[in-house]
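Heads up, protein.txt below (compact mmCIF, C-alpha atoms and all ligand atoms):
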# COMPACT_ATOMS: atom_id res chain seq x y z
CA MET R 50 -12.43 -1.67 -24.62
CA SER R 51 -9.09 -1.04 -26.30
CA ALA R 52 -10.24 2.47 -27.22
CA ILE R 53 -10.92 3.22 -23.56
CA ARG R 54 -7.61 1.62 -22.53
CA ASP R 55 -5.67 3.75 -25.02
CA ALA R 56 -7.57 6.86 -24.06
CA VAL R 57 -7.06 6.35 -20.34
CA LYS R 58 -3.38 5.66 -20.86
CA SER R 59 -2.90 8.86 -22.82
CA GLY R 60 -5.32 10.82 -20.68
CA ALA R 61 -6.93 12.01 -23.89
CA TYR R 62 -10.70 11.91 -23.71
CA LEU R 63 -12.11 14.30 -26.25
CA GLN R 64 -15.44 14.70 -24.53
CA PRO R 65 -16.41 15.10 -20.91
CA LEU R 66 -17.01 11.60 -19.68
CA ARG R 67 -19.66 10.48 -17.28
CA ALA R 68 -19.27 7.41 -15.15
CA ALA R 69 -22.37 6.07 -16.85
CA ASP R 70 -20.44 6.02 -20.14
CA ILE R 71 -18.15 3.32 -18.87
CA MET R 72 -19.94 1.66 -15.97
CA HIS R 73 -23.36 0.82 -14.63
CA ARG R 74 -24.67 2.88 -11.76
CA PRO R 75 -23.81 1.03 -8.56
CA ALA R 76 -26.83 -0.27 -6.73
CA ARG R 77 -26.28 1.57 -3.47
CA VAL R 78 -29.11 0.83 -1.11
CA ARG R 79 -29.84 3.23 1.71
CA ALA R 80 -30.94 2.06 5.14
CA ASN R 81 -34.55 2.87 4.18
CA GLY R 82 -34.35 0.46 1.25
CA GLN R 83 -34.34 3.17 -1.46
CA PHE R 84 -31.63 3.42 -4.06
CA SER R 85 -29.26 6.33 -3.69
CA ASP R 86 -28.64 8.35 -6.82
CA ARG R 87 -25.18 9.35 -5.63
CA GLY R 88 -23.17 7.26 -8.03
CA PRO R 89 -19.57 8.15 -8.79
CA ILE R 90 -19.02 11.45 -10.59
CA ALA R 91 -16.25 11.79 -13.13
CA SER R 92 -14.06 14.89 -12.98
CA VAL R 93 -12.71 16.20 -16.25
CA ASP R 94 -10.32 19.05 -16.92
CA ILE R 95 -11.04 21.89 -19.36
CA ASP R 96 -9.84 19.80 -22.28
CA GLY R 97 -12.29 17.08 -21.38
CA ARG R 98 -9.64 14.74 -19.99
CA LEU R 99 -10.76 12.42 -17.28
CA ILE R 100 -8.79 13.33 -14.15
CA GLY R 101 -10.62 11.52 -11.39
CA MET R 102 -13.73 9.98 -9.95
CA GLN R 103 -15.49 11.15 -6.83
CA ALA R 104 -18.24 9.86 -4.67
CA ASN R 105 -19.74 11.71 -1.75
CA PRO R 106 -21.04 8.95 0.46
CA LEU R 107 -20.42 10.92 3.64
CA GLY R 108 -22.53 13.98 2.83
CA ASN R 109 -21.62 16.77 5.26
CA PHE R 110 -19.96 14.47 7.79
CA LEU R 111 -16.33 15.46 8.43
CA PRO R 112 -14.26 12.32 9.03
CA VAL R 113 -11.05 12.43 11.02
CA ALA R 114 -9.18 11.41 7.86
CA GLU R 115 -9.91 11.41 4.17
CA PRO R 116 -7.45 10.49 1.43
CA ASP R 117 -6.64 12.93 -1.35
CA LEU R 118 -7.09 10.92 -4.54
CA SER R 119 -7.24 13.87 -6.88
CA GLY R 120 -4.01 13.26 -8.80
CA ALA R 121 -3.19 10.39 -11.15
CA GLU R 122 -4.67 7.75 -8.83
CA PHE R 123 -7.75 6.97 -10.88
CA ARG R 124 -5.86 7.00 -14.14
CA ASN R 125 -3.20 4.62 -12.81
CA LEU R 126 -5.85 2.40 -11.28
CA MET R 127 -7.74 2.19 -14.58
CA ASP R 128 -4.47 1.47 -16.29
CA ALA R 129 -3.73 -1.46 -13.97
CA PHE R 130 -7.31 -2.66 -14.21
CA LEU R 131 -7.50 -2.51 -17.98
CA SER R 132 -4.14 -4.22 -18.32
CA THR R 133 -5.71 -7.21 -16.49
CA TRP R 134 -2.64 -7.36 -14.20
CA ILE R 135 -4.75 -6.99 -11.09
CA SER R 136 -3.01 -9.44 -8.75
CA SER R 137 0.52 -9.20 -7.47
CA THR R 138 2.43 -9.21 -10.74
CA GLY R 139 2.65 -6.00 -12.71
CA ASP R 140 4.84 -3.03 -13.48
CA TYR R 141 3.35 -0.76 -10.83
CA ILE R 142 4.58 -2.97 -7.99
CA ARG R 143 8.26 -2.78 -8.93
CA GLU R 144 7.90 0.92 -9.74
CA PHE R 145 6.26 1.61 -6.39
CA GLU R 146 8.86 -0.41 -4.47
CA ARG R 147 11.71 1.34 -6.25
CA HIS R 148 10.35 4.85 -5.87
CA PHE R 149 9.24 4.54 -2.26
CA ALA R 150 12.58 3.04 -1.25
CA ALA R 151 14.44 5.79 -3.12
CA TRP R 152 12.29 8.53 -1.55
CA ASN R 153 13.37 7.19 1.83
CA GLY R 154 17.00 6.80 0.80
CA MET R 155 16.85 3.02 1.20
CA ALA R 156 18.13 0.38 -1.18
CA GLU R 157 15.26 -2.12 -1.25
CA GLY R 158 11.48 -2.04 -0.93
CA VAL R 159 9.23 -5.07 -0.57
CA ALA R 160 5.56 -4.08 -0.92
CA VAL R 161 2.96 -6.04 1.03
CA SER R 162 -0.78 -6.10 1.59
CA ASN R 163 -0.87 -3.89 4.70
CA GLY R 164 1.23 -2.30 7.44
CA THR R 165 0.49 -5.10 9.89
CA VAL R 166 1.91 -7.84 7.71
CA SER R 167 4.91 -5.64 6.92
CA LEU R 168 5.76 -5.78 10.64
CA HIS R 169 5.04 -9.51 10.69
CA LEU R 170 7.21 -10.08 7.63
CA ALA R 171 10.05 -7.99 9.07
CA LEU R 172 10.03 -10.04 12.29
CA ALA R 173 9.87 -13.32 10.37
CA ALA R 174 12.66 -12.32 7.98
CA LEU R 175 14.91 -11.42 10.92
CA GLY R 176 14.23 -14.87 12.38
CA ILE R 177 12.40 -13.62 15.49
CA GLY R 178 10.32 -16.32 17.14
CA PRO R 179 9.63 -18.33 20.29
CA GLY R 180 12.01 -17.60 23.17
CA ASP R 181 12.84 -14.11 21.84
CA GLU R 182 11.80 -10.83 23.43
CA VAL R 183 10.83 -7.78 21.39
CA ILE R 184 10.55 -4.34 23.00
CA VAL R 185 7.57 -2.19 21.98
CA PRO R 186 6.17 1.15 23.25
CA ASP R 187 2.89 1.24 25.16
CA LEU R 188 1.39 4.05 23.07
CA THR R 189 0.81 2.54 19.64
CA PHE R 190 -1.77 0.79 17.52
CA ALA R 191 -2.27 -2.89 18.39
CA ALA R 192 -0.64 -4.11 15.16
CA THR R 193 2.80 -3.36 16.62
CA ILE R 194 2.41 -5.87 19.45
CA ASN R 195 0.04 -8.34 17.74
CA THR R 196 2.65 -9.22 15.16
CA VAL R 197 5.25 -9.94 17.87
CA ILE R 198 2.78 -12.34 19.47
CA HIS R 199 1.91 -13.90 16.11
CA VAL R 200 5.54 -14.83 15.38
CA GLY R 201 5.62 -16.55 18.78
CA ALA R 202 7.95 -14.05 20.47
CA THR R 203 7.31 -12.29 23.79
CA PRO R 204 6.52 -8.58 23.68
CA VAL R 205 8.05 -6.35 26.35
CA ILE R 206 6.03 -3.17 26.73
CA ILE R 207 7.76 0.03 27.85
CA ASP R 208 6.41 3.47 28.68
CA VAL R 209 6.85 6.45 26.38
CA ASP R 210 8.66 9.72 26.96
CA PRO R 211 6.46 12.67 28.02
CA THR R 212 8.01 15.01 25.44
CA THR R 213 8.29 12.85 22.32
CA TRP R 214 5.41 10.43 23.15
CA CYS R 215 7.71 7.71 21.72
CA MET R 216 10.02 5.22 23.46
CA SER R 217 13.26 6.66 24.79
CA ALA R 218 16.73 5.15 24.41
CA GLU R 219 17.01 4.92 28.23
CA GLY R 220 13.66 3.12 28.56
CA PHE R 221 14.71 0.73 25.81
CA GLU R 222 18.10 -0.01 27.37
CA GLN R 223 16.58 -0.68 30.80
CA ALA R 224 14.21 -3.30 29.32
CA ILE R 225 16.95 -5.29 27.53
CA THR R 226 17.55 -8.83 28.78
CA SER R 227 19.62 -11.71 27.45
CA LYS R 228 16.53 -12.72 25.39
CA THR R 229 16.02 -9.38 23.64
CA ARG R 230 16.34 -9.81 19.86
CA ALA R 231 14.54 -6.78 18.47
CA VAL R 232 13.08 -3.38 19.27
CA ILE R 233 10.18 -1.71 17.46
CA PRO R 234 10.28 2.07 17.96
CA VAL R 235 7.02 3.63 16.76
CA HIS R 236 7.04 7.22 15.45
CA VAL R 237 3.63 7.92 16.87
CA PHE R 238 1.40 10.52 15.14
CA GLY R 239 4.43 11.55 13.01
CA ARG R 240 6.67 12.37 16.00
CA PRO R 241 10.08 10.75 15.52
CA ALA R 242 11.60 8.61 18.27
CA PRO R 243 15.25 9.45 19.16
CA MET R 244 16.68 7.03 16.64
CA SER R 245 20.43 7.82 16.79
CA GLU R 246 20.39 7.09 20.52
CA ILE R 247 18.14 4.02 20.15
CA ALA R 248 20.37 2.71 17.35
CA ALA R 249 23.49 3.16 19.49
CA VAL R 250 21.91 1.10 22.30
CA ALA R 251 20.72 -1.54 19.83
CA ARG R 252 24.19 -1.84 18.32
CA ARG R 253 25.79 -2.18 21.75
CA HIS R 254 23.46 -5.05 22.66
CA GLY R 255 23.19 -6.76 19.25
CA VAL R 256 19.45 -6.05 18.96
CA TYR R 257 17.67 -5.69 15.60
CA ILE R 258 15.73 -2.48 14.88
CA ILE R 259 12.36 -2.52 13.11
CA GLU R 260 11.04 1.03 13.01
CA ASP R 261 7.25 1.17 12.76
CA CYS R 262 6.89 4.17 10.46
CA ALA R 263 3.17 3.60 9.77
CA GLU R 264 2.31 7.11 10.95
CA ALA R 265 5.43 9.04 9.99
CA HIS R 266 6.24 8.96 6.26
CA GLY R 267 8.91 11.59 5.71
CA ALA R 268 9.65 12.42 9.36
CA GLN R 269 13.34 12.83 10.18
CA TYR R 270 15.58 12.41 13.18
CA ASP R 271 19.07 13.85 13.29
CA GLY R 272 18.89 14.71 9.58
CA LYS R 273 17.92 11.18 8.51
CA LYS R 274 14.50 9.95 7.45
CA VAL R 275 12.81 7.53 9.83
CA GLY R 276 13.22 3.99 8.55
CA LYS R 277 16.90 4.55 7.71
CA TYR R 278 17.95 3.47 11.19
CA SER R 279 16.34 0.05 10.75
CA ASP R 280 17.48 -3.40 9.79
CA VAL R 281 14.01 -3.58 8.27
CA ALA R 282 11.58 -0.64 8.45
CA SER R 283 7.81 -0.97 8.16
CA PHE R 284 5.26 1.47 6.66
CA SER R 285 1.47 1.39 6.31
CA PHE R 286 -0.59 2.80 3.45
CA PHE R 287 -4.03 2.40 5.00
CA ALA R 288 -6.48 5.05 3.77
CA ASN R 289 -6.03 7.27 6.83
CA LYS R 290 -2.24 7.39 6.48
CA ILE R 291 -0.11 10.21 5.07
CA MET R 292 -0.22 8.45 1.71
CA THR R 293 -2.38 5.48 0.84
CA THR R 294 -2.77 2.48 -1.41
CA GLY R 295 -6.18 1.60 0.10
CA GLU R 296 -4.73 -1.20 2.17
CA GLY R 297 -1.00 -1.64 1.84
CA GLY R 298 2.39 -1.64 3.45
CA ILE R 299 6.08 -1.94 2.66
CA CYS R 300 9.28 -3.21 4.23
CA LEU R 301 12.41 -1.18 3.49
CA THR R 302 15.95 -2.40 4.04
CA ASN R 303 19.50 -1.68 2.95
CA SER R 304 20.47 -5.34 3.21
CA PRO R 305 20.29 -7.41 0.01
CA GLU R 306 20.06 -10.61 2.12
CA PHE R 307 17.13 -9.35 4.16
CA ALA R 308 15.43 -8.11 0.98
CA GLU R 309 15.74 -11.53 -0.59
CA ARG R 310 14.30 -13.19 2.50
CA LEU R 311 11.47 -10.67 2.73
CA ARG R 312 10.56 -11.35 -0.92
CA MET R 313 10.69 -15.10 -0.49
CA LEU R 314 8.64 -15.15 2.73
CA ARG R 315 6.11 -12.74 1.20
CA ASP R 316 5.52 -15.29 -1.55
CA HIS R 317 4.87 -18.49 0.43
CA GLY R 318 8.57 -19.10 1.05
CA MET R 319 9.00 -20.02 -2.61
CA ARG R 320 12.45 -19.77 -4.11
CA PRO R 321 12.43 -17.08 -6.81
CA ASP R 322 14.61 -19.20 -9.09
CA ARG R 323 12.67 -22.44 -8.62
CA ARG R 324 8.90 -22.32 -9.01
CA TYR R 325 6.83 -24.27 -6.49
CA TRP R 326 9.92 -25.09 -4.42
CA HIS R 327 9.50 -24.03 -0.81
CA GLU R 328 12.48 -23.88 1.52
CA GLU R 329 10.35 -22.50 4.37
CA ALA R 330 6.69 -22.11 5.23
CA GLY R 331 6.05 -18.51 4.09
CA PHE R 332 3.02 -16.29 3.70
CA ASN R 333 0.93 -14.67 1.03
CA PHE R 334 1.57 -11.04 2.04
CA ARG R 335 1.72 -9.64 -1.51
CA MET R 336 0.47 -6.23 -2.62
CA THR R 337 -1.67 -6.04 -5.75
CA ASN R 338 -0.74 -4.11 -8.88
CA MET R 339 -3.89 -2.02 -8.35
CA GLN R 340 -2.77 -0.96 -4.87
CA ALA R 341 0.70 -0.14 -6.21
CA ALA R 342 -0.85 1.86 -9.07
CA ILE R 343 -2.57 4.10 -6.53
CA GLY R 344 0.65 4.24 -4.49
CA CYS R 345 2.70 5.48 -7.46
CA ALA R 346 0.27 8.36 -7.95
CA GLN R 347 0.23 9.20 -4.25
CA LEU R 348 4.00 9.23 -4.06
CA GLU R 349 4.15 11.87 -6.81
CA ARG R 350 2.35 14.26 -4.45
CA ILE R 351 3.65 13.24 -1.04
CA HIS R 352 5.29 16.60 -0.45
CA THR R 353 1.96 18.31 -1.07
CA PHE R 354 0.27 15.96 1.41
CA LEU R 355 2.92 16.67 4.04
CA ASN R 356 2.62 20.43 3.53
CA ASP R 357 -1.17 20.30 3.58
CA ARG R 358 -1.13 18.35 6.85
CA SER R 359 1.27 20.69 8.56
CA SER R 360 -0.84 23.67 7.41
CA VAL R 361 -3.87 22.02 9.03
CA MET R 362 -1.91 21.61 12.27
CA ALA R 363 -0.91 25.29 12.08
CA LEU R 364 -4.58 26.27 11.79
CA TYR R 365 -5.40 24.31 14.93
CA GLU R 366 -2.41 25.79 16.77
CA GLU R 367 -3.63 29.29 16.05
CA ALA R 368 -7.29 28.58 16.82
CA PHE R 369 -6.64 26.67 20.05
CA ALA R 370 -4.14 29.12 21.52
CA GLY R 371 -5.65 30.53 24.67
CA ILE R 372 -8.48 27.99 25.04
CA LEU R 373 -8.25 27.00 28.69
CA GLY R 374 -7.73 23.25 29.11
CA VAL R 375 -6.39 22.54 25.60
CA ARG R 376 -2.74 21.59 25.43
CA LEU R 377 -0.85 21.38 22.16
CA PRO R 378 1.73 18.58 21.81
CA PRO R 379 5.02 19.42 23.56
CA ALA R 380 7.71 21.00 21.39
CA LEU R 381 10.16 18.32 20.25
CA PRO R 382 13.95 18.33 20.68
CA SER R 383 15.81 20.04 17.85
CA LYS R 384 16.98 16.75 16.27
CA CYS R 385 13.33 15.86 15.52
CA GLU R 386 11.68 16.90 12.27
CA PRO R 387 8.15 15.62 12.75
CA VAL R 388 5.37 15.32 10.20
CA THR R 389 1.68 15.66 10.96
CA TRP R 390 -0.23 12.41 10.66
CA PHE R 391 -3.15 13.41 12.82
CA ALA R 392 -3.26 16.82 14.43
CA CYS R 393 -3.40 16.19 18.19
CA VAL R 394 -4.20 17.99 21.41
CA THR R 395 -4.70 16.88 24.99
CA VAL R 396 -7.61 17.95 27.18
CA PRO R 397 -8.73 17.21 30.75
CA ALA R 398 -9.69 13.51 30.84
CA GLU R 399 -13.09 14.17 32.38
CA LYS R 400 -14.07 16.48 29.49
CA ARG R 401 -12.98 14.31 26.59
CA SER R 402 -16.19 12.32 26.00
CA ALA R 403 -18.27 15.49 26.11
CA LEU R 404 -15.98 17.06 23.49
CA ILE R 405 -16.21 14.02 21.23
CA GLY R 406 -20.01 14.03 21.63
CA ALA R 407 -20.36 17.77 20.99
CA CYS R 408 -18.30 17.49 17.80
CA LYS R 409 -20.34 14.49 16.70
CA ASP R 410 -23.49 16.61 17.08
CA LYS R 411 -21.94 18.93 14.50
CA ALA R 412 -21.10 15.95 12.22
CA ILE R 413 -17.39 16.25 13.04
CA ASP R 414 -15.40 13.13 13.90
CA ILE R 415 -12.74 13.62 16.54
CA ARG R 416 -11.12 10.58 18.12
CA PRO R 417 -9.51 9.57 21.39
CA PHE R 418 -5.85 8.45 21.27
CA PHE R 419 -5.03 4.75 21.22
CA ASN R 420 -5.48 2.96 24.52
CA GLY R 421 -2.14 2.12 26.10
CA LEU R 422 -1.36 -1.51 25.26
CA SER R 423 -0.75 -2.52 28.87
CA ALA R 424 -4.27 -1.37 29.84
CA MET R 425 -5.98 -3.88 27.55
CA PRO R 426 -6.96 -7.48 28.31
CA ALA R 427 -5.12 -8.94 25.32
CA TYR R 428 -1.75 -7.68 26.60
CA ARG R 429 -2.21 -7.64 30.35
CA LYS R 430 0.27 -10.42 30.90
CA TYR R 431 3.00 -8.32 29.30
CA ALA R 432 1.95 -5.24 31.28
CA ARG R 433 4.09 -3.06 33.44
CA PRO R 434 3.29 0.43 34.73
CA CYS R 435 3.23 2.95 31.89
CA PRO R 436 1.99 6.16 33.57
CA VAL R 437 2.95 8.55 30.75
CA SER R 438 1.21 6.53 28.09
CA TYR R 439 -1.77 5.97 30.39
CA GLU R 440 -2.21 9.70 30.92
CA LEU R 441 -1.90 10.44 27.18
CA SER R 442 -4.38 7.70 26.31
CA LYS R 443 -6.94 9.27 28.67
CA THR R 444 -6.43 12.87 27.55
CA GLY R 445 -5.38 12.76 23.87
CA ILE R 446 -7.57 13.70 20.94
CA ASN R 447 -6.92 13.25 17.22
CA LEU R 448 -8.46 16.05 15.21
CA PRO R 449 -9.70 15.89 11.60
CA THR R 450 -6.65 16.20 9.36
CA SER R 451 -7.46 16.40 5.66
CA ASN R 452 -8.06 18.86 2.85
CA LYS R 453 -11.61 19.33 4.12
CA VAL R 454 -10.24 21.12 7.19
CA THR R 455 -10.54 24.77 6.26
CA PRO R 456 -10.10 27.79 8.58
CA GLY R 457 -13.91 27.84 8.85
CA VAL R 458 -14.04 24.21 10.00
CA VAL R 459 -11.27 24.83 12.52
CA SER R 460 -13.11 27.79 14.00
CA VAL R 461 -16.25 25.64 14.42
CA ILE R 462 -14.19 22.97 16.23
CA ALA R 463 -12.45 25.61 18.35
CA ALA R 464 -15.85 27.10 19.32
CA VAL R 465 -17.06 23.64 20.42
CA PHE R 466 -13.91 23.18 22.53
CA ARG R 467 -14.28 26.64 24.06
CA GLU R 468 -17.91 26.01 25.00
CA VAL R 469 -17.46 22.48 26.39
CA LEU R 470 -14.28 23.29 28.30
CA ALA R 471 -15.84 26.41 29.84
CA GLY R 472 -18.81 24.36 31.10
C1 LIG R 501 1.71 2.40 14.45
C2 LIG R 501 0.98 1.50 13.50
N1 LIG R 501 1.54 0.32 13.19
C3 LIG R 501 0.96 -0.52 12.32
C4 LIG R 501 -0.25 -0.21 11.73
C5 LIG R 501 -0.89 -1.22 10.85
O1 LIG R 501 -1.08 -0.81 9.55
P1 LIG R 501 -2.26 -1.41 8.66
O2 LIG R 501 -3.52 -0.80 9.13
O3 LIG R 501 -1.87 -0.98 7.28
O4 LIG R 501 -2.23 -2.89 8.81
C6 LIG R 501 -0.85 1.01 11.99
C7 LIG R 501 -2.10 1.38 11.32
O5 LIG R 501 -3.04 1.86 11.73
C8 LIG R 501 -0.23 1.90 12.92
O6 LIG R 501 -0.78 3.07 13.23
Turn the structure described in the file into structure tokens.
Ligand SMILES: Cc1ncc(COP(=O)(O)O)c(C=O)c1O
Amino acid sequence: MSAIRDAVKSGAYLQPLRAADIMHRPARVRANGQFSDRGPIASVDIDGRLIGMQANPLGNFLPVAEPDLSGAEFRNLMDAFLSTWISSTGDYIREFERHFAAWNGMAEGVAVSNGTVSLHLALAALGIGPGDEVIVPDLTFAATINTVIHVGATPVIIDVDPTTWCMSAEGFEQAITSKTRAVIPVHVFGRPAPMSEIAAVARRHGVYIIEDCAEAHGAQYDGKKVGKYSDVASFSFFANKIMTTGEGGICLTNSPEFAERLRMLRDHGMRPDRRYWHEEAGFNFRMTNMQAAIGCAQLERIHTFLNDRSSVMALYEEAFAGILGVRLPPALPSKCEPVTWFACVTVPAEKRSALIGACKDKAIDIRPFFNGLSAMPAYRKYARPCPVSYELSKTGINLPTSNKVTPGVVSVIAAVFREVLAG
């Protein structure tokens, strides 16, 4: 074992290595009861160094998202695994927190188990609870509002702006009441909300800002990365995100007091200087060293991921130009520097299911946008009219956005769109 550990750490395998050399073939059972022979395949470079492991469980199916794990991810993961530090203590966690915070220009990072609990932890650390109102946009994933409900506060849902698809500063200001304690702007699909303006309103009214940056790692507004406008910012590292740790999330803050509270609440409310002494009822929201190990490797290549994603969007822009019925996302104001999480288009609502079905027939996964929160039973009591979000939720499509999306794939998708929309 120690030979493998040393070799993995140095990256120095002398011979091409097969998965079977270090692990049993996984017993994958197909639906028909037969064993699949598609075990993991080790990738080695020309010197015989192990550089990654791949499986191909999806065959020719093109998913809407697929993480790129072709860098140091496997090596780091093996390193964490072989070190036996597989829970939430270990060098990778501090390294990941430090580097991700620094990449965003923030002082402190507190890594957690996913991007939902990072929102929950942010709200809890800011003391948001029963009797408080928190303003959220209608067009977002449910985690944004669920966490507000779970801390006992009342969500206030507002419509989004037709150009940015995010909340506007005006919409936010109009929804403020004497009970408003926090606002959660969401940078949906990588499109930054107008944060300087939102921050000015928040400051005027003494409202905390928790940016939900789950979909927008690296996006900027007014020359500043998203997250920097927050009291506590929240990110997700789910496998479909711009960078991943499998499951994972992080809270970023510039406040040493908030950082201390985030750390304590993440760890059951235990005082860091007094083991098993709990000042408050906290949570177990910790990230594992194995997740952080993957995160460190991902972070090394985040610029590549961002470039790759915007190149994919550029391919779609070119291929879709001139297809009647397809609308590309509106151009953003000049202060916005978006990133591409998912490439998006809108189409006539009555054609969307047929498009999704026709792509599925070609083993291509395209997805409808999120449903507007106020349209769903769980949130109806917080509902107010959100016509812009409603329209987007009926017409929006997320397109496959990964390294598998080549010009050839894009022309197949464009041909499907052309055919269905002409019919
Ligand atoms: C806007 C938004 N917020 C929060 C989350 C929650 O992140 P996670 O899936 O890591 O819990 C997501 C993830 O899909 C998201 O898109």
Kindly provide the residues of chain R that approach ligand LIG 501 (chain R) to within 7 Å, each paired with its closest atom pair and their distance in Å to one decimal, based on all atoms listed in the file, listed by chain and increasing number, as a Markdown table.
| residue | atom | partner | partner_atom | distance |
| --- | --- | --- | --- | --- |
| R:Asn163 | CA | R:LIG501 | O3 | 4.0 |
| R:Gly164 | CA | R:LIG501 | O3 | 3.4 |
| R:Thr165 | CA | R:LIG501 | O4 | 3.7 |
| R:Val166 | CA | R:LIG501 | O4 | 6.5 |
| R:Thr189 | CA | R:LIG501 | C1 | 5.3 |
| R:Phe190 | CA | R:LIG501 | C1 | 4.9 |
| R:Ala192 | CA | R:LIG501 | C3 | 4.8 |
| R:Thr193 | CA | R:LIG501 | N1 | 5.2 |
| R:Val235 | CA | R:LIG501 | C1 | 5.9 |
| R:Val237 | CA | R:LIG501 | C1 | 6.3 |
| R:Asp261 | CA | R:LIG501 | N1 | 5.8 |
| R:Cys262 | CA | R:LIG501 | C1 | 6.8 |
| R:Ala263 | CA | R:LIG501 | C2 | 4.8 |
| R:Glu264 | CA | R:LIG501 | O6 | 5.6 |
| R:Ser285 | CA | R:LIG501 | O3 | 4.2 |
| R:Phe286 | CA | R:LIG501 | O3 | 5.5 |
| R:Phe287 | CA | R:LIG501 | O3 | 4.6 |
| R:Glu296 | CA | R:LIG501 | O3 | 5.9 |
| R:Gly297 | CA | R:LIG501 | O3 | 5.5 |
| R:Gly298 | CA | R:LIG501 | O3 | 5.8 |
Once you have the residues from the selection above, write them out as an mmCIF file, in the frame of the given file, restricted to C-alpha atoms.
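Written output follows (part.cif):
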data_model
loop_
_atom_site.group_PDB
_atom_site.id
_atom_site.type_symbol
_atom_site.label_atom_id
_atom_site.label_comp_id
_atom_site.auth_asym_id
_atom_site.auth_seq_id
_atom_site.Cartn_x
_atom_site.Cartn_y
_atom_site.Cartn_z
ATOM 1 C CA ASN R 163 -0.870 -3.890 4.700
ATOM 2 C CA GLY R 164 1.230 -2.300 7.440
ATOM 3 C CA THR R 165 0.490 -5.100 9.890
ATOM 4 C CA VAL R 166 1.910 -7.840 7.710
ATOM 5 C CA THR R 189 0.810 2.540 19.640
ATOM 6 C CA PHE R 190 -1.770 0.790 17.520
ATOM 7 C CA ALA R 192 -0.640 -4.110 15.160
ATOM 8 C CA THR R 193 2.800 -3.360 16.620
ATOM 9 C CA VAL R 235 7.020 3.630 16.760
ATOM 10 C CA VAL R 237 3.630 7.920 16.870
ATOM 11 C CA ASP R 261 7.250 1.170 12.760
ATOM 12 C CA CYS R 262 6.890 4.170 10.460
ATOM 13 C CA ALA R 263 3.170 3.600 9.770
ATOM 14 C CA GLU R 264 2.310 7.110 10.950
ATOM 15 C CA SER R 285 1.470 1.390 6.310
ATOM 16 C CA PHE R 286 -0.590 2.800 3.450
ATOM 17 C CA PHE R 287 -4.030 2.400 5.000
ATOM 18 C CA GLU R 296 -4.730 -1.200 2.170
ATOM 19 C CA GLY R 297 -1.000 -1.640 1.840
ATOM 20 C CA GLY R 298 2.390 -1.640 3.450
#
Mind checking which residues fall within 6 Å of stretch 331-348 of chain R, counting all atoms listed in the file, ignoring those fewer than 6 positions away in the same chain, and posting them as a PyMOL selection string?
chain R and resi 121-122+125-126+129+135-137+139+141-142+145+160-162+294+314-318
If we count all atoms listed in the file and set the cut-off at 8 Å, which residues sit around R:Val437, ignoring sequence neighbours fewer than 4 positions away in its own chain? Please answer as a list in words.
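My list of contacting residues is Asp208, Val209, Asp210, Pro211 and Leu441 of chain R.
Proximity of R:Met155, R:Cys300, R:Ala248, R:Val275 to R:His169, computed with only C-alpha atoms, is greatest for R:Cys300.
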Show me the residues close to (16.3, 5.6, 20.6) - anything with an atom within 10 Å, counting all atoms listed in the file - and format the list as an MDAnalysis selection string.
chainID R and resid 215:222 232 234 241:251 258 278
